[in-house]
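> Have a look at the structure that comes next, please.
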Amino acid sequence: MDADLAWTDARVVVLDLETTGTHPATDRIVEVGTAVFLGGRAAEWRRARVDPGVPIPPDATAIHGIGAAHVAGQPRIGALARRLFEHLAGETTALVGYNAHHFDVPLLNAELARAGRPERLDPDDVLDLMIFARWYHRDRRRRRLADLCAWYGISLQDAHTAAADSAATGFLLFAMVRDGVVPATVRAAFAEQARLVPLLEAERRVYGHWMYRDRQTGELCIGAGRLSGLPLAAADPGAISDLLAEVSDLPAAVRDAFEARRRGEPPPTAEG
């Protein structure tokens, strides 16, 4: 996008997929949903069921409600590719998703490659609201789409259907823009995403999902379990001792910090 448009001036297209599982490289698409927002308002929803070419596991059907009968006779993803990418294109179009960077886009690209199609999406060309949630709402124990929608007061009915999730993600975008979590212009938002991705990856390499540093103070906080969001320095040493006994695969930096807290010592002040 050449111009630095405000989100309300852009054509926002939200993409969501329902699938046979959670592995982007190997699982298959059973439904594609998009929602188009113009002027900050929902203008159009689209949903297409997809024949995945493989059985749909019962645990996946239990989540999104799509079984073999729903995809029988439906097109394969390769037959939908050209029309989908035409829908996603446009000079003033900004693409948005939730967990798109690590899931929807890699899975879509893997499906297109299997189908012998040339189309691809660059994950960096999709604004992923989960990245902003992982950074700015790191203190919250759960950061699924439904959890963020509840936090922002957005109704999400028929969760885990592609059409409903894409519409809810669009409403969430504008709520996060209003709160200042997502920058007010498209270009600034993508620049912020590019800044956050390596920071989150570096944090995950050191702490896994078990700890993080407060975004303002730099104080170490607990990132998972029943103590999630609590500063490590405020955690009861007995509770930390229990956690150490329960979890055997903590990253080394986390185990060292927890052991120090269990002994009543102050948490580390420097990264790692």
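Letters A, B, ... mark the chains of the structure tokens in the order given; residue numbers begin at 1 per chain; ligand numbers begin at 1, in order shown.
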Based on DSSP run over this structure's backbone, return all residues of segment 185-260 of chain A in alpha helix (DSSP H), as a VMD selection string.
chain A and resid 186 to 207 237 to 246 252 to 260
> Quick one: write out the picked residues with N, CA and C atoms as a CSV table (one decimal), in the first residue's frame?

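Generated output (part-v1.csv):
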chain,number,residue,atom,x,y,z
A,186,VAL,N,-2.4,2.3,8.6
A,186,VAL,CA,-2.0,0.9,8.2
A,186,VAL,C,-0.5,0.8,8.2
A,187,ARG,N,0.2,1.8,7.6
A,187,ARG,CA,1.7,1.6,7.5
A,187,ARG,C,2.3,1.6,8.9
A,188,ALA,N,1.9,2.4,9.8
A,188,ALA,CA,2.4,2.4,11.1
A,188,ALA,C,2.2,1.1,11.8
A,189,ALA,N,1.0,0.5,11.6
A,189,ALA,CA,0.7,-0.7,12.3
A,189,ALA,C,1.6,-1.9,11.8
A,190,PHE,N,1.8,-1.9,10.5
A,190,PHE,CA,2.7,-3.0,9.9
A,190,PHE,C,4.1,-2.7,10.4
A,191,ALA,N,4.5,-1.5,10.5
A,191,ALA,CA,5.9,-1.2,11.0
A,191,ALA,C,6.0,-1.6,12.5
A,192,GLU,N,5.0,-1.4,13.3
A,192,GLU,CA,5.0,-1.9,14.7
A,192,GLU,C,5.0,-3.4,14.7
A,193,GLN,N,4.3,-4.1,13.9
A,193,GLN,CA,4.3,-5.5,13.8
A,193,GLN,C,5.7,-6.0,13.5
A,194,ALA,N,6.4,-5.4,12.6
A,194,ALA,CA,7.7,-5.8,12.2
A,194,ALA,C,8.7,-5.6,13.4
A,195,ARG,N,8.4,-4.6,14.2
A,195,ARG,CA,9.3,-4.4,15.4
A,195,ARG,C,9.0,-5.4,16.5
A,196,LEU,N,7.8,-5.8,16.6
A,196,LEU,CA,7.4,-6.7,17.7
A,196,LEU,C,7.8,-8.1,17.5
A,197,VAL,N,7.7,-8.6,16.2
A,197,VAL,CA,8.0,-10.0,16.0
A,197,VAL,C,9.3,-10.5,16.5
A,198,PRO,N,10.4,-9.8,16.2
A,198,PRO,CA,11.7,-10.3,16.7
A,198,PRO,C,11.8,-10.2,18.2
A,199,LEU,N,11.2,-9.2,18.8
A,199,LEU,CA,11.2,-9.1,20.3
A,199,LEU,C,10.5,-10.2,20.9
A,200,LEU,N,9.4,-10.6,20.4
A,200,LEU,CA,8.6,-11.7,20.9
A,200,LEU,C,9.4,-13.0,20.7
A,201,GLU,N,10.0,-13.2,19.6
A,201,GLU,CA,10.8,-14.4,19.3
A,201,GLU,C,11.9,-14.5,20.2
A,202,ALA,N,12.6,-13.4,20.5
A,202,ALA,CA,13.8,-13.4,21.4
A,202,ALA,C,13.3,-13.7,22.8
A,203,GLU,N,12.2,-13.2,23.3
A,203,GLU,CA,11.7,-13.5,24.6
A,203,GLU,C,11.3,-15.0,24.7
A,204,ARG,N,10.7,-15.5,23.7
A,204,ARG,CA,10.3,-16.9,23.7
A,204,ARG,C,11.5,-17.8,23.8
A,205,ARG,N,12.6,-17.5,23.1
A,205,ARG,CA,13.8,-18.3,23.1
A,205,ARG,C,14.3,-18.4,24.5
A,206,VAL,N,14.2,-17.4,25.3
A,206,VAL,CA,14.8,-17.4,26.6
A,206,VAL,C,13.8,-18.0,27.6
A,207,TYR,N,12.6,-17.6,27.6
A,207,TYR,CA,11.6,-17.9,28.6
A,207,TYR,C,10.5,-18.9,28.2
A,237,PRO,N,6.8,-17.9,47.6
A,237,PRO,CA,7.8,-18.9,47.4
A,237,PRO,C,7.3,-20.3,47.5
A,238,GLY,N,6.3,-20.5,48.3
A,238,GLY,CA,5.7,-21.9,48.4
A,238,GLY,C,5.0,-22.2,47.1
A,239,ALA,N,4.3,-21.3,46.5
A,239,ALA,CA,3.6,-21.5,45.2
A,239,ALA,C,4.6,-21.8,44.1
A,240,ILE,N,5.8,-21.1,44.1
A,240,ILE,CA,6.8,-21.3,43.2
A,240,ILE,C,7.4,-22.7,43.4
A,241,SER,N,7.6,-23.1,44.6
A,241,SER,CA,8.1,-24.4,44.9
A,241,SER,C,7.2,-25.5,44.3
A,242,ASP,N,5.9,-25.3,44.5
A,242,ASP,CA,4.9,-26.2,43.9
A,242,ASP,C,5.0,-26.3,42.4
A,243,LEU,N,5.1,-25.1,41.8
A,243,LEU,CA,5.2,-25.1,40.3
A,243,LEU,C,6.5,-25.8,39.8
A,244,LEU,N,7.6,-25.6,40.5
A,244,LEU,CA,8.8,-26.3,40.2
A,244,LEU,C,8.7,-27.8,40.3
A,245,ALA,N,7.9,-28.3,41.2
A,245,ALA,CA,7.7,-29.7,41.4
A,245,ALA,C,6.7,-30.2,40.3
A,246,GLU,N,5.8,-29.4,39.8
A,246,GLU,CA,4.8,-29.9,38.9
A,246,GLU,C,5.4,-29.9,37.4
A,252,ALA,N,15.9,-23.1,31.0
A,252,ALA,CA,16.9,-22.9,32.1
A,252,ALA,C,16.8,-21.6,32.8
A,253,ALA,N,16.6,-20.5,32.0
A,253,ALA,CA,16.5,-19.2,32.6
A,253,ALA,C,15.3,-19.1,33.5
A,254,VAL,N,14.2,-19.8,33.2
A,254,VAL,CA,13.0,-19.8,34.0
A,254,VAL,C,13.2,-20.6,35.3
A,255,ARG,N,13.8,-21.7,35.2
A,255,ARG,CA,14.1,-22.6,36.3
A,255,ARG,C,15.0,-21.8,37.3
A,256,ASP,N,16.0,-21.2,36.8
A,256,ASP,CA,17.0,-20.4,37.6
A,256,ASP,C,16.3,-19.3,38.4
A,257,ALA,N,15.4,-18.6,37.6
A,257,ALA,CA,14.7,-17.5,38.3
A,257,ALA,C,13.7,-18.0,39.3
A,258,PHE,N,13.0,-19.1,39.0
A,258,PHE,CA,12.1,-19.6,40.0
A,258,PHE,C,12.8,-20.2,41.2
A,259,GLU,N,13.9,-20.8,41.0
A,259,GLU,CA,14.7,-21.3,42.1
A,259,GLU,C,15.1,-20.2,43.0
A,260,ALA,N,15.6,-19.1,42.4
A,260,ALA,CA,16.0,-17.9,43.2
A,260,ALA,C,14.8,-17.4,44.0
> So which bits of segment 117-189 of chain A end up strand (DSSP E or B) when you DSSP the backbone, as a VMD selection string?
chain A and resid 126 to 128 185
> Include N, CA and C atoms and write out the residues we just selected as a compact mmCIF listing (two decimals), in the first residue's frame.

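Heads up, here's the output in result-v6.txt:
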# COMPACT_ATOMS: atom_id res chain seq x y z
N VAL A 126 0.24 -9.61 6.24
CA VAL A 126 -1.02 -9.74 6.97
C VAL A 126 -0.80 -9.22 8.38
N LEU A 127 -1.61 -8.25 8.80
CA LEU A 127 -1.50 -7.74 10.16
C LEU A 127 -2.14 -8.77 11.10
N ASP A 128 -1.33 -9.30 12.00
CA ASP A 128 -1.78 -10.37 12.90
C ASP A 128 -2.05 -9.77 14.27
N THR A 185 -2.75 4.12 11.68
CA THR A 185 -2.61 4.04 10.23
C THR A 185 -2.06 2.67 9.84
> Tell me, counting only C-alpha atoms, for each residue of segment 108-178 of chain A within 9 Å of segment 34-37 of chain A, which pair of atoms is nearest and how far apart they are in Å to one decimal, in rows ordered by chain and increasing number, as JSON lines.

{"residue": "A:Ala162", "atom": "CA", "partner": "A:Thr34", "partner_atom": "CA", "distance": 7.3}
{"residue": "A:Ala163", "atom": "CA", "partner": "A:Thr34", "partner_atom": "CA", "distance": 6.1}
{"residue": "A:Ala164", "atom": "CA", "partner": "A:Ala35", "partner_atom": "CA", "distance": 8.6}
{"residue": "A:Asp165", "atom": "CA", "partner": "A:Thr34", "partner_atom": "CA", "distance": 8.8}
{"residue": "A:Ser166", "atom": "CA", "partner": "A:Ala35", "partner_atom": "CA", "distance": 5.5}
{"residue": "A:Ala167", "atom": "CA", "partner": "A:Ala35", "partner_atom": "CA", "distance": 5.3}
{"residue": "A:Ala168", "atom": "CA", "partner": "A:Ala35", "partner_atom": "CA", "distance": 8.9}
{"residue": "A:Thr169", "atom": "CA", "partner": "A:Ala35", "partner_atom": "CA", "distance": 8.8}
{"residue": "A:Gly170", "atom": "CA", "partner": "A:Phe37", "partner_atom": "CA", "distance": 7.1}
{"residue": "A:Phe171", "atom": "CA", "partner": "A:Phe37", "partner_atom": "CA", "distance": 8.8}
> For those residues, write N, CA and C atoms to a file as a compact mmCIF listing (two decimals), in the first residue's frame.

# COMPACT_ATOMS: atom_id res chain seq x y z
N ALA A 162 -15.46 -19.88 10.14
CA ALA A 162 -14.55 -18.92 9.51
C ALA A 162 -15.20 -17.55 9.32
N ALA A 163 -16.49 -17.52 8.97
CA ALA A 163 -17.17 -16.24 8.74
C ALA A 163 -17.29 -15.45 10.04
N ALA A 164 -17.69 -16.12 11.12
CA ALA A 164 -17.85 -15.43 12.40
C ALA A 164 -16.51 -14.96 12.94
N ASP A 165 -15.48 -15.80 12.85
CA ASP A 165 -14.18 -15.42 13.38
C ASP A 165 -13.56 -14.28 12.59
N SER A 166 -13.74 -14.28 11.27
CA SER A 166 -13.18 -13.18 10.48
C SER A 166 -13.89 -11.87 10.80
N ALA A 167 -15.21 -11.90 10.95
CA ALA A 167 -15.94 -10.68 11.31
C ALA A 167 -15.52 -10.18 12.69
N ALA A 168 -15.42 -11.08 13.66
CA ALA A 168 -15.02 -10.69 15.01
C ALA A 168 -13.61 -10.11 15.02
N THR A 169 -12.72 -10.67 14.21
CA THR A 169 -11.36 -10.15 14.13
C THR A 169 -11.35 -8.73 13.60
N GLY A 170 -12.21 -8.43 12.62
CA GLY A 170 -12.31 -7.07 12.11
C GLY A 170 -12.79 -6.10 13.18
N PHE A 171 -13.82 -6.48 13.92
CA PHE A 171 -14.29 -5.61 15.00
C PHE A 171 -13.20 -5.44 16.06
> Env of Asp27 of chain A: 12 Å cut, atoms = only C-alpha atoms, seq-sep filter 3 positions within chain, self excluded. Answer as an MDAnalysis selection string.
chainID A and resid 17:24 30 52:57 60 103:104 106:111 114
> Which of these residues is nearest to Asp16 of chain A, using only C-alpha atoms: A:Ala100, A:Leu148, A:Leu112, A:Ala81?
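Nearest to Asp16 of chain A: A:Ala100.
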> Could you pull the residues within 6 Å of segment 64-76 of chain A, counting only C-alpha atoms, minus those fewer than 2 positions along the same chain, as a ChimeraX atom specification?
/A:50-51,61-62,78-79,160-161
> Using only C-alpha atoms, which of A:Phe174, A:Trp7, A:Trp45, A:Phe85 sits nearest Glu119 of chain A?
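Of all the options, A:Phe85 lies closest to Glu119 of chain A.
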